[in-house]
>>> print(open('work_11.csv').read())   # CSV, C-alpha atoms
chain,number,residue,atom,x,y,z
X,127,MET,CA,182.4,114.2,90.3
X,128,LYS,CA,179.6,112.0,88.8
X,129,HIS,CA,181.0,112.7,85.3
X,130,LEU,CA,184.5,111.6,86.5
X,131,GLN,CA,183.0,108.4,88.0
X,132,ASN,CA,181.3,107.6,84.7
X,133,LEU,CA,184.6,108.1,82.8
X,134,LEU,CA,186.4,105.8,85.3
X,135,ILE,CA,183.7,103.1,84.8
X,136,LEU,CA,184.1,103.3,81.0
X,137,PHE,CA,187.9,103.1,81.4
X,138,ALA,CA,187.6,100.0,83.5
X,139,VAL,CA,185.3,98.3,80.9
X,140,PHE,CA,187.7,98.9,78.0
X,141,VAL,CA,190.8,98.0,79.9
X,142,LEU,CA,189.7,95.1,82.1
X,143,VAL,CA,187.5,93.1,79.6
X,144,PRO,CA,189.7,90.5,77.9
X,145,SER,CA,190.2,91.3,74.2
X,146,SER,CA,188.8,87.9,73.2
X,147,THR,CA,185.4,89.1,74.3
X,148,LEU,CA,185.5,92.3,72.4
X,149,PRO,CA,183.8,92.7,69.0
X,150,ALA,CA,183.4,89.3,67.5
X,151,GLY,CA,182.1,88.2,64.1
X,152,ASP,CA,181.0,85.5,61.7
X,153,TRP,CA,183.3,83.8,59.3
X,154,PRO,CA,181.1,83.6,56.2
X,155,GLN,CA,183.6,82.5,53.5
X,156,TYR,CA,186.9,80.8,52.8
X,157,ARG,CA,189.7,82.6,54.7
X,158,GLY,CA,187.3,84.8,56.6
X,159,PRO,CA,185.3,88.1,56.3
X,160,LYS,CA,187.9,89.8,54.1
X,161,GLN,CA,189.5,86.8,52.5
X,162,ASP,CA,192.8,87.5,54.2
X,163,GLY,CA,192.8,84.8,56.9
X,164,ILE,CA,192.5,87.4,59.6
X,165,SER,CA,189.9,87.3,62.4
X,166,THR,CA,188.3,90.3,63.9
X,167,GLU,CA,188.9,88.7,67.3
X,168,SER,CA,192.0,88.3,69.4
X,169,LEU,CA,193.4,85.2,71.2
X,170,LYS,CA,194.9,86.3,74.5
X,171,LEU,CA,194.4,83.0,76.2
X,172,LYS,CA,196.9,80.2,76.6
X,173,TRP,CA,196.0,76.6,77.1
X,174,GLY,CA,197.7,73.5,78.4
X,175,PRO,CA,198.2,70.1,76.6
X,176,LYS,CA,194.5,69.4,76.8
X,177,GLY,CA,193.6,72.6,75.0
X,178,PRO,CA,190.7,74.9,75.6
X,179,PRO,CA,187.2,73.6,76.5
X,180,LEU,CA,185.7,71.3,73.9
X,181,VAL,CA,182.2,72.4,72.9
X,182,TRP,CA,181.3,69.6,70.5
X,183,THR,CA,182.6,67.0,68.1
X,184,THR,CA,181.0,65.8,64.8
X,185,LYS,CA,181.9,63.4,62.0
X,186,THR,CA,183.3,64.9,58.8
X,187,ASN,CA,183.7,62.1,56.3
X,188,THR,CA,186.5,62.9,53.8
X,189,GLY,CA,187.7,66.1,52.2
X,190,PHE,CA,189.6,69.3,52.8
X,191,SER,CA,186.7,71.7,52.9
X,192,SER,CA,187.0,74.2,55.8
X,193,PHE,CA,184.3,75.4,58.2
X,194,THR,CA,182.4,78.6,57.6
X,195,VAL,CA,180.2,80.2,60.3
X,196,CYS,CA,177.3,82.6,60.0
X,197,GLU,CA,174.3,83.5,62.2
X,198,GLY,CA,174.6,80.5,64.5
X,199,ARG,CA,175.2,77.9,61.8
X,200,VAL,CA,178.4,76.1,60.8
X,201,PHE,CA,178.9,74.8,57.2
X,202,THR,CA,181.3,72.4,55.4
X,203,GLN,CA,181.3,69.9,52.5
X,204,VAL,CA,181.8,66.2,52.9
X,205,VAL,CA,180.9,62.9,51.2
X,206,ARG,CA,178.0,60.8,52.4
X,207,ASP,CA,176.2,57.7,51.2
X,208,ILE,CA,172.7,58.5,50.0
X,209,ASP,CA,170.6,55.6,48.6
X,210,GLY,CA,173.7,53.5,48.4
X,211,ARG,CA,175.8,56.0,46.4
X,212,PRO,CA,178.5,58.4,47.5
X,213,ARG,CA,177.3,62.0,47.2
X,214,GLU,CA,179.1,65.2,47.9
X,215,VAL,CA,176.9,67.3,50.4
X,216,CYS,CA,176.9,70.5,52.3
X,217,LEU,CA,176.4,70.0,56.1
X,218,ALA,CA,174.7,72.7,58.2
X,219,LEU,CA,175.4,72.3,61.9
X,220,ASP,CA,174.2,74.2,65.0
X,221,ALA,CA,177.1,76.3,66.1
X,222,ASP,CA,176.3,75.8,69.8
X,223,THR,CA,175.8,72.0,69.8
X,224,GLY,CA,177.2,70.6,66.5
X,225,LYS,CA,173.7,69.1,65.8
X,226,GLU,CA,173.0,68.5,62.2
X,227,LEU,CA,170.4,70.9,60.9
X,228,TRP,CA,170.2,69.9,57.2
X,229,VAL,CA,172.1,68.2,54.3
X,230,ALA,CA,172.2,69.6,50.8
X,231,ASP,CA,173.1,67.1,48.0
X,232,ILE,CA,175.4,68.7,45.3
X,233,GLY,CA,176.4,65.7,43.2
X,234,LEU,CA,178.3,62.5,42.9
X,235,GLY,CA,181.1,62.2,45.5
X,236,LYS,CA,183.5,60.1,43.6
X,237,GLY,CA,186.5,60.6,41.3
X,238,TYR,CA,188.7,62.5,43.8
X,239,SER,CA,192.3,61.9,43.2
X,240,GLY,CA,195.7,63.3,44.1
X,241,GLY,CA,195.0,63.8,47.8
X,242,GLY,CA,195.7,60.3,49.2
X,243,PRO,CA,193.6,58.8,52.0
X,244,GLY,CA,190.6,60.9,53.0
X,245,ASP,CA,190.5,62.7,49.6
X,246,GLY,CA,187.2,64.4,49.0
X,247,PRO,CA,185.6,67.8,48.7
X,248,ARG,CA,188.0,70.8,48.6
X,249,SER,CA,185.6,73.7,48.2
X,250,THR,CA,184.3,75.7,51.2
X,251,PRO,CA,180.7,77.0,51.5
X,252,THR,CA,180.1,80.8,51.2
X,253,ILE,CA,177.2,82.4,53.1
X,254,ASN,CA,175.6,85.7,52.1
X,255,ASP,CA,172.2,87.3,52.9
X,256,GLY,CA,170.7,84.1,54.1
X,257,LEU,CA,171.9,81.9,51.2
X,258,VAL,CA,174.7,79.3,51.0
X,259,TYR,CA,176.8,79.1,47.8
X,260,LEU,CA,178.6,75.9,46.9
X,261,PHE,CA,180.9,74.9,44.1
X,262,SER,CA,181.2,71.2,43.1
X,263,PRO,CA,184.3,69.5,41.7
X,264,ASP,CA,182.4,69.3,38.4
X,265,MET,CA,182.1,73.1,38.3
X,266,VAL,CA,178.4,73.4,39.2
X,267,VAL,CA,177.5,76.4,41.3
X,268,TYR,CA,174.7,75.8,43.8
X,269,CYS,CA,172.7,78.3,45.8
X,270,VAL,CA,170.6,76.9,48.7
X,271,ASP,CA,168.7,78.4,51.6
X,272,ALA,CA,170.8,78.8,54.7
X,273,ALA,CA,167.9,78.0,57.1
X,274,THR,CA,166.6,74.9,55.3
X,275,GLY,CA,169.2,73.8,52.7
X,276,LYS,CA,166.4,73.9,50.0
X,277,PRO,CA,167.7,74.6,46.5
X,278,VAL,CA,167.3,78.2,45.1
X,279,TRP,CA,169.3,78.0,41.9
X,280,LYS,CA,172.2,76.2,40.2
X,281,ARG,CA,174.5,76.9,37.3
X,282,ASP,CA,176.5,74.1,35.5
X,283,LEU,CA,179.5,75.8,34.0
X,284,ILE,CA,180.4,72.8,31.9
X,285,GLU,CA,176.9,72.4,30.4
X,286,GLN,CA,175.8,76.0,30.3
X,287,ASN,CA,179.1,77.9,29.7
X,288,LYS,CA,181.3,75.3,27.8
X,289,GLY,CA,183.4,74.9,30.9
X,290,ARG,CA,186.8,73.3,31.0
X,291,ASN,CA,187.7,71.4,34.2
X,292,ILE,CA,191.2,70.8,35.3
X,293,LYS,CA,193.4,67.9,36.7
X,294,TRP,CA,192.0,66.6,40.0
X,295,ARG,CA,188.8,68.7,39.2
X,296,SER,CA,187.8,72.0,40.7
X,297,ALA,CA,188.8,73.0,44.2
X,298,ALA,CA,188.0,76.7,44.3
X,299,SER,CA,185.3,78.4,46.4
X,300,VAL,CA,183.0,81.0,45.0
X,301,VAL,CA,183.5,84.6,46.0
X,302,ILE,CA,180.7,87.2,46.5
X,303,ASP,CA,180.9,91.0,46.4
X,304,GLY,CA,177.8,93.2,46.4
X,305,ASP,CA,175.2,91.4,44.3
X,306,LEU,CA,177.7,89.4,42.3
X,307,VAL,CA,179.1,85.8,42.6
X,308,PHE,CA,182.5,85.5,41.0
X,309,VAL,CA,183.7,82.1,39.6
X,310,GLY,CA,186.1,80.8,37.0
X,311,GLY,CA,185.9,77.7,34.7
X,312,GLY,CA,183.9,78.6,31.7
X,313,GLY,CA,185.0,78.1,28.1
X,314,PRO,CA,186.5,80.6,25.6
X,315,GLY,CA,185.1,84.1,26.0
X,316,GLN,CA,183.4,83.2,29.2
X,317,SER,CA,186.2,81.7,31.3
X,318,LEU,CA,185.6,84.2,34.1
X,319,LEU,CA,182.0,84.9,35.2
X,320,ALA,CA,179.9,87.1,37.4
X,321,LEU,CA,176.5,85.7,38.4
X,322,ASP,CA,173.6,87.5,40.0
X,323,LYS,CA,173.6,86.1,43.5
X,324,LYS,CA,169.8,85.9,43.7
X,325,THR,CA,169.1,84.1,40.4
X,326,GLY,CA,172.4,82.7,39.0
X,327,ARG,CA,171.9,84.8,35.9
X,328,VAL,CA,175.1,85.7,34.1
X,329,VAL,CA,175.8,89.4,34.6
X,330,TRP,CA,179.1,89.4,32.7
X,331,LYS,CA,181.4,86.8,31.1
X,332,ALA,CA,184.9,87.4,29.7
X,333,HIS,CA,188.3,86.1,28.7
X,334,ASP,CA,189.7,82.9,27.3
X,335,VAL,CA,192.0,81.6,30.1
X,336,ARG,CA,192.6,78.3,31.9
X,337,VAL,CA,191.8,78.3,35.6
X,338,THR,CA,193.6,76.6,38.5
X,339,HIS,CA,192.6,75.2,41.9
X,340,SER,CA,192.9,78.8,43.4
X,341,THR,CA,190.0,80.8,44.8
X,342,PRO,CA,189.8,84.3,43.5
X,343,ILE,CA,190.0,87.4,45.7
X,344,VAL,CA,188.1,90.7,45.6
X,345,ALA,CA,190.1,93.8,46.7
X,346,THR,CA,190.3,97.6,46.2
X,347,ILE,CA,193.6,98.7,44.9
X,348,HIS,CA,194.2,102.4,44.0
X,349,GLY,CA,190.5,103.0,44.5
X,350,GLN,CA,189.4,100.4,42.0
X,351,ARG,CA,187.3,97.4,43.1
X,352,GLN,CA,188.7,94.4,41.3
X,353,VAL,CA,188.7,90.6,41.2
X,354,ILE,CA,192.0,88.9,41.0
X,355,PHE,CA,192.1,85.4,39.6
X,356,PHE,CA,195.2,83.2,39.9
X,357,LEU,CA,195.3,81.4,36.5
X,358,GLN,CA,197.7,79.2,34.6
X,359,SER,CA,199.0,82.3,33.0
X,360,GLY,CA,199.5,84.1,36.3
X,361,LEU,CA,197.5,86.8,38.1
X,362,LEU,CA,194.7,88.5,36.1
X,363,SER,CA,192.8,91.4,37.7
X,364,VAL,CA,189.5,92.4,36.2
X,365,ASN,CA,187.0,95.2,36.9
X,366,ALA,CA,184.4,93.8,39.3
X,367,ASP,CA,181.6,95.6,37.5
X,368,ASN,CA,182.2,94.4,34.0
X,369,GLY,CA,185.1,91.9,33.8
X,370,LYS,CA,187.4,94.1,31.8
X,371,LYS,CA,191.1,93.5,32.3
X,372,LEU,CA,192.9,95.9,34.6
X,373,TRP,CA,196.3,94.2,34.9
X,374,HIS,CA,198.2,91.0,34.4
X,375,PHE,CA,201.2,89.5,36.2
X,376,GLU,CA,202.9,86.6,34.4
X,377,PHE,CA,203.7,83.7,36.7
X,378,PRO,CA,204.7,80.1,35.9
X,379,PHE,CA,202.3,77.2,36.1
X,380,ASN,CA,203.2,73.5,36.7
X,381,VAL,CA,200.7,70.8,37.6
X,382,SER,CA,198.7,72.7,40.2
X,383,THR,CA,198.3,76.2,41.6
X,384,ALA,CA,196.1,76.3,44.7
X,385,ILE,CA,196.7,79.2,47.1
X,386,THR,CA,194.5,82.4,47.0
X,387,PRO,CA,196.4,85.5,45.9
X,388,LEU,CA,197.3,87.7,48.9
X,389,VAL,CA,196.7,91.4,48.6
X,390,CYS,CA,198.9,93.5,50.9
X,391,GLY,CA,198.1,97.1,50.1
X,392,ASP,CA,199.4,97.7,46.6
X,393,ILE,CA,201.5,94.5,46.6
X,394,VAL,CA,200.1,91.1,45.6
X,395,TYR,CA,201.8,87.9,46.5
X,396,CYS,CA,201.4,84.5,44.7
X,397,SER,CA,203.1,81.1,45.0
X,398,ALA,CA,202.9,77.5,43.9
X,399,GLY,CA,204.6,74.2,44.5
X,400,TYR,CA,206.0,71.7,41.9
X,401,GLY,CA,209.2,73.8,41.6
X,402,VAL,CA,207.5,77.1,40.8
X,403,GLY,CA,208.2,79.1,44.0
X,404,GLY,CA,206.8,82.5,45.0
X,405,ALA,CA,206.7,86.1,43.8
X,406,ALA,CA,205.4,89.6,44.7
X,407,CYS,CA,204.4,92.4,42.4
X,408,ARG,CA,203.6,96.0,43.1
X,409,ILE,CA,200.5,97.4,41.4
X,410,THR,CA,200.7,101.0,40.1
X,411,LYS,CA,198.2,103.3,38.4
X,412,ARG,CA,199.1,106.1,36.1
X,413,ALA,CA,196.8,108.0,33.8
X,414,GLY,CA,194.1,105.6,34.6
X,415,LEU,CA,196.1,102.5,33.6
X,416,PHE,CA,197.2,99.7,36.0
X,417,LYS,CA,200.5,97.9,35.8
X,418,ALA,CA,202.0,95.0,37.8
X,419,GLN,CA,205.7,95.4,38.4
X,420,GLU,CA,207.7,92.4,39.8
X,421,LEU,CA,209.4,93.0,43.1
X,422,TRP,CA,211.0,89.6,43.4
X,423,TYR,CA,210.6,86.0,42.2
X,424,ILE,CA,212.3,83.0,43.9
X,425,SER,CA,211.8,79.7,42.1
X,426,GLY,CA,212.0,76.3,43.6
X,427,ASN,CA,210.3,74.5,46.5
X,428,LYS,CA,212.7,75.5,49.3
X,429,GLN,CA,212.2,79.1,50.2
X,430,VAL,CA,208.7,80.6,49.5
X,431,ALA,CA,206.7,77.8,47.9
X,432,ASN,CA,203.1,77.4,49.1
X,433,HIS,CA,201.5,74.2,48.0
X,434,TRP,CA,197.9,75.1,49.1
X,435,SER,CA,198.5,76.9,52.4
X,436,THR,CA,197.9,80.6,51.8
X,437,PRO,CA,199.9,82.8,54.2
X,438,ILE,CA,198.6,85.8,56.1
X,439,TYR,CA,200.1,89.3,56.0
X,440,LYS,CA,200.9,91.5,59.0
X,441,ASP,CA,203.2,94.6,59.3
X,442,GLY,CA,205.3,94.0,56.3
X,443,HIS,CA,205.7,90.2,56.7
X,444,LEU,CA,204.1,87.0,55.5
X,445,TYR,CA,203.4,84.2,58.0
X,446,GLY,CA,202.4,80.7,56.8
X,447,ILE,CA,203.4,77.2,56.0
X,448,PHE,CA,205.9,77.4,53.1
X,449,CYS,CA,206.7,74.0,51.8
X,450,PHE,CA,205.9,71.4,49.2
X,451,LYS,CA,204.9,67.8,50.1
X,452,LYS,CA,206.7,68.0,53.4
X,453,PHE,CA,204.0,66.1,55.3
X,454,LYS,CA,204.2,66.4,59.1
X,455,THR,CA,207.6,68.2,58.8
X,456,GLY,CA,207.0,71.3,56.7
X,457,PRO,CA,208.0,74.6,58.4
X,458,LEU,CA,206.0,77.6,59.6
X,459,LYS,CA,207.9,80.6,58.3
X,460,CYS,CA,208.0,84.4,58.5
X,461,VAL,CA,208.9,86.0,55.2
X,462,GLU,CA,209.6,89.7,54.5
X,463,LEU,CA,207.1,90.8,51.9
X,464,THR,CA,209.1,93.2,49.8
X,465,THR,CA,212.2,90.9,49.4
X,466,GLY,CA,211.1,87.3,49.9
X,467,LYS,CA,213.8,86.9,52.6
X,468,VAL,CA,213.0,84.3,55.3
X,469,LYS,CA,213.2,85.9,58.8
X,470,TRP,CA,212.7,82.6,60.7
X,471,GLU,CA,211.3,79.1,60.2
X,472,GLU,CA,210.2,76.3,62.5
X,473,PRO,CA,209.8,72.8,61.2
X,474,GLY,CA,207.1,70.3,62.3
X,475,PHE,CA,203.8,71.8,60.8
X,476,GLY,CA,203.5,69.7,57.6
X,477,GLN,CA,200.9,70.8,55.0
X,478,GLY,CA,198.6,72.7,57.4
X,479,ASN,CA,197.2,76.2,57.4
X,480,VAL,CA,197.2,79.4,59.5
X,481,THR,CA,194.8,82.1,60.7
X,482,LEU,CA,195.7,85.4,62.4
X,483,ALA,CA,193.9,86.6,65.5
X,484,GLY,CA,195.3,89.9,66.9
X,485,ASP,CA,199.0,89.4,67.3
X,486,ARG,CA,198.9,85.6,67.3
X,487,LEU,CA,198.9,82.9,64.7
X,488,LEU,CA,196.6,80.0,65.0
X,489,ALA,CA,198.2,77.2,63.1
X,490,LEU,CA,196.7,73.8,62.4
X,491,THR,CA,199.3,71.2,61.5
X,492,ASP,CA,198.4,68.5,59.0
X,493,TYR,CA,198.4,65.9,61.8
X,494,GLY,CA,195.9,67.7,64.0
X,495,ASP,CA,197.9,69.9,66.5
X,496,LEU,CA,196.6,73.4,67.1
X,497,VAL,CA,199.5,75.8,67.8
X,498,LEU,CA,199.4,79.3,69.1
X,499,VAL,CA,202.4,81.4,67.9
X,500,GLU,CA,203.3,85.1,68.3
X,501,ALA,CA,203.2,86.9,65.0
X,502,THR,CA,206.5,88.7,65.2
X,503,PRO,CA,209.4,88.8,62.7
X,504,ASN,CA,212.0,88.7,65.5
X,505,LYS,CA,211.9,85.0,66.3
X,506,TYR,CA,209.6,81.9,66.5
X,507,GLU,CA,207.8,82.0,69.8
X,508,GLU,CA,205.4,79.2,70.5
X,509,LEU,CA,202.8,79.9,73.2
X,510,SER,CA,200.6,76.8,73.3
X,511,ARG,CA,200.0,73.5,71.5
X,512,PHE,CA,197.6,70.6,71.9
X,513,LYS,CA,196.3,67.7,69.9
X,514,ALA,CA,193.0,68.9,68.5
X,515,LEU,CA,192.0,66.4,65.8
X,516,ASN,CA,192.6,62.9,64.4
X,517,GLY,CA,192.8,62.5,60.7
X,518,LYS,CA,194.4,64.5,57.9
X,519,CYS,CA,194.1,68.3,58.3
X,520,TRP,CA,194.5,70.2,55.1
X,521,SER,CA,191.8,72.7,56.0
X,522,THR,CA,192.0,76.2,57.6
X,523,PRO,CA,191.2,76.9,61.2
X,524,THR,CA,188.2,79.2,61.8
X,525,LEU,CA,187.8,81.7,64.7
X,526,SER,CA,184.3,83.0,65.1
X,527,ASN,CA,182.4,84.5,68.0
X,528,GLY,CA,184.8,83.3,70.6
X,529,ARG,CA,185.2,79.8,69.3
X,530,ILE,CA,187.7,77.9,67.2
X,531,TYR,CA,186.3,75.5,64.6
X,532,VAL,CA,188.6,72.9,63.0
X,533,ARG,CA,188.1,69.8,60.9
X,534,SER,CA,190.0,66.9,59.4
X,535,THR,CA,189.1,64.1,57.0
X,536,THR,CA,187.4,62.3,59.8
X,537,GLU,CA,186.1,64.7,62.5
X,538,GLY,CA,185.3,68.3,63.2
X,539,LYS,CA,185.5,70.1,66.6
X,540,CYS,CA,184.5,73.3,68.2
X,541,PHE,CA,186.5,74.8,71.1
X,542,GLU,CA,185.6,77.7,73.4
X,543,VAL,CA,188.2,80.4,73.7
X,544,LYS,CA,186.2,83.4,75.1
>>> encode(input="work_11.csv", output="structure tokens")
Amino acid sequence: MKHLQNLLILFAVFVLVPSSTLPAGDWPQYRGPKQDGISTESLKLKWGPKGPPLVWTTKTNTGFSSFTVCEGRVFTQVVRDIDGRPREVCLALDADTGKELWVADIGLGKGYSGGGPGDGPRSTPTINDGLVYLFSPDMVVYCVDAATGKPVWKRDLIEQNKGRNIKWRSAASVVIDGDLVFVGGGGPGQSLLALDKKTGRVVWKAHDVRVTHSTPIVATIHGQRQVIFFLQSGLLSVNADNGKKLWHFEFPFNVSTAITPLVCGDIVYCSAGYGVGGAACRITKRAGLFKAQELWYISGNKQVANHWSTPIYKDGHLYGIFCFKKFKTGPLKCVELTTGKVKWEEPGFGQGNVTLAGDRLLALTDYGDLVLVEATPNKYEELSRFKALNGKCWSTPTLSNGRIYVRSTTEGKCFEVK
């Protein structure tokens, strides 16, 4: 009888505790723990027009950097006047209060263009093993201590690796896997680099390619750990250990490519604006050789063009904001991965971004609404919406440890959703 009672107690714990209080986690890099825009948490709550409880508000002066969260600290990049000069800095905030803990200066905060009012930092801090990794618009990688903001090392890709910057300057975030930091932007023969995360030493350098504004992604496909860079020539996958080419998928480039490649099992999705459109390729491996085979390609801005909003993948479908320069009006769409067919679309999101939590999408519109939507291919089903922010919102919402963190070009906020 006692054994049965214990089982019943365990059953009650697992059934009755809301899923939003089940295993939570940090959000240590751009697009989350696995770079897929998917939270380990769920959002089972609904909220009214005032939204969930506000925990704190802080100023975030200019830019499109997103929030990352790790071990009780929140990080983002902004521009701040220091000694009368605009400087790009990393802010570290207390996750519970929003109180500023430290500021790390990473260079002149001027020369931003192409983003209109509020233009500024585009890169998002990456946190790993007590260190924060930052990438400046001028292609300098910085490593600072997460507790204090004190410098640990830096590497200037232009000065030290004959780097070649791009129109509107770099917007990518660095990616870490194991002991390596992956970044693109060097010169011929060293366009793609892996750095030792503790020292900044070059572990490998390879290829003569031109980078884009896209952040690379690390994934395992057919048992091989690889880094996929979205370049001006298309997708290039390299061995994470040595930088050797695994496969290449040719894809058009025009003006700017900005989304992160999306890995969906053995299918990789990519897209760009400026009339380019979207495509999916299937990765195969035979006799030890990889190959990328096109599944579909749809050109133009109307159907599957992502300007800078990377969609998320769930159960055979892509969910995200597919549009080009449709500010305030751009649609949220559900797209079938293997065909590119649009299953449904809902206008009124603009150039915002989405995150997935359980079976629900958390969408941040470019004008500051937070919208909760069911992630189902059957139809658009909106659950909740409220005005979360003022200012331009081209950043990605973060869900970490029962809280939503969002920012604009003027302010950042934290909401409690446990």
>>> closest_residue(input="work_11.csv", among="X:Leu498, X:Ile447, X:Val328, X:Cys196", to="Ala431 in chain X", atoms="all atoms listed in the file")
X:Ile447
>>> residues_around(input="work_11.csv", residues="Pro251 in chain X", least_positions_apart="3", cutoff="8 Å", atoms="all atoms listed in the file", output="list in words")
Gln155, Tyr156, Phe193, Thr194, Phe201, Thr202, Gln203, Cys216, Val258, Tyr259, Leu260, Phe261, Ser299 and Val300 of chain X
>>> write_last_selection(input="work_11.csv", atoms="C-alpha atoms", output="PDB file, in the coordinates of the input")
ATOM      1  CA  GLN X 155     183.600  82.500  53.500  1.00  0.00           C
ATOM      2  CA  TYR X 156     186.900  80.800  52.800  1.00  0.00           C
ATOM      3  CA  PHE X 193     184.300  75.400  58.200  1.00  0.00           C
ATOM      4  CA  THR X 194     182.400  78.600  57.600  1.00  0.00           C
ATOM      5  CA  PHE X 201     178.900  74.800  57.200  1.00  0.00           C
ATOM      6  CA  THR X 202     181.300  72.400  55.400  1.00  0.00           C
ATOM      7  CA  GLN X 203     181.300  69.900  52.500  1.00  0.00           C
ATOM      8  CA  CYS X 216     176.900  70.500  52.300  1.00  0.00           C
ATOM      9  CA  VAL X 258     174.700  79.300  51.000  1.00  0.00           C
ATOM     10  CA  TYR X 259     176.800  79.100  47.800  1.00  0.00           C
ATOM     11  CA  LEU X 260     178.600  75.900  46.900  1.00  0.00           C
ATOM     12  CA  PHE X 261     180.900  74.900  44.100  1.00  0.00           C
ATOM     13  CA  SER X 299     185.300  78.400  46.400  1.00  0.00           C
ATOM     14  CA  VAL X 300     183.000  81.000  45.000  1.00  0.00           C
TER      15      VAL X 300
END
>>> closest_atom_pairs(input="work_11.csv", of="range 439-542 of chain X", to="range 158-163 of chain X", cutoff="10 Å", atoms="only C-alpha atoms", output="Markdown table")
| residue | atom | partner | partner_atom | distance |
| --- | --- | --- | --- | --- |
| X:Tyr439 | CA | X:Asp162 | CA | 7.7 |
| X:Asn479 | CA | X:Gly163 | CA | 9.7 |
| X:Val480 | CA | X:Gly163 | CA | 7.4 |
| X:Thr481 | CA | X:Gly163 | CA | 5.1 |
| X:Leu482 | CA | X:Gly163 | CA | 6.2 |
| X:Ala483 | CA | X:Gly163 | CA | 8.9 |
| X:Thr522 | CA | X:Gly163 | CA | 8.7 |
| X:Pro523 | CA | X:Gly163 | CA | 9.1 |
| X:Thr524 | CA | X:Gly158 | CA | 7.7 |
| X:Leu525 | CA | X:Gly158 | CA | 8.7 |
| X:Ser526 | CA | X:Gly158 | CA | 9.2 |
>>> residues_around(input="work_11.csv", residues="range 417-424 of chain X", least_positions_apart="3", cutoff="7 Å", atoms="all atoms listed in the file", output="PDB file with C-alpha atoms, in the frame of the given file")
ATOM      1  CA  TRP X 373     196.300  94.200  34.900  1.00  0.00           C
ATOM      2  CA  HIS X 374     198.200  91.000  34.400  1.00  0.00           C
ATOM      3  CA  PHE X 375     201.200  89.500  36.200  1.00  0.00           C
ATOM      4  CA  GLY X 403     208.200  79.100  44.000  1.00  0.00           C
ATOM      5  CA  GLY X 404     206.800  82.500  45.000  1.00  0.00           C
ATOM      6  CA  ALA X 405     206.700  86.100  43.800  1.00  0.00           C
ATOM      7  CA  ALA X 406     205.400  89.600  44.700  1.00  0.00           C
ATOM      8  CA  CYS X 407     204.400  92.400  42.400  1.00  0.00           C
ATOM      9  CA  ARG X 408     203.600  96.000  43.100  1.00  0.00           C
ATOM     10  CA  ILE X 409     200.500  97.400  41.400  1.00  0.00           C
ATOM     11  CA  THR X 410     200.700 101.000  40.100  1.00  0.00           C
ATOM     12  CA  LYS X 411     198.200 103.300  38.400  1.00  0.00           C
ATOM     13  CA  THR X 464     209.100  93.200  49.800  1.00  0.00           C
ATOM     14  CA  THR X 465     212.200  90.900  49.400  1.00  0.00           C
ATOM     15  CA  GLY X 466     211.100  87.300  49.900  1.00  0.00           C
TER      16      GLY X 466
END
>>> closest_residue(input="work_11.csv", among="X:Val344, X:Ile232, X:Thr184, X:Tyr395", to="Leu361 in chain X", atoms="all atoms listed in the file")
X:Tyr395
>>> closest_residue(input="work_11.csv", among="X:Ile393, X:Leu509, X:Ala413, X:Val337", to="Arg290 in chain X", atoms="all atoms listed in the file")
X:Val337
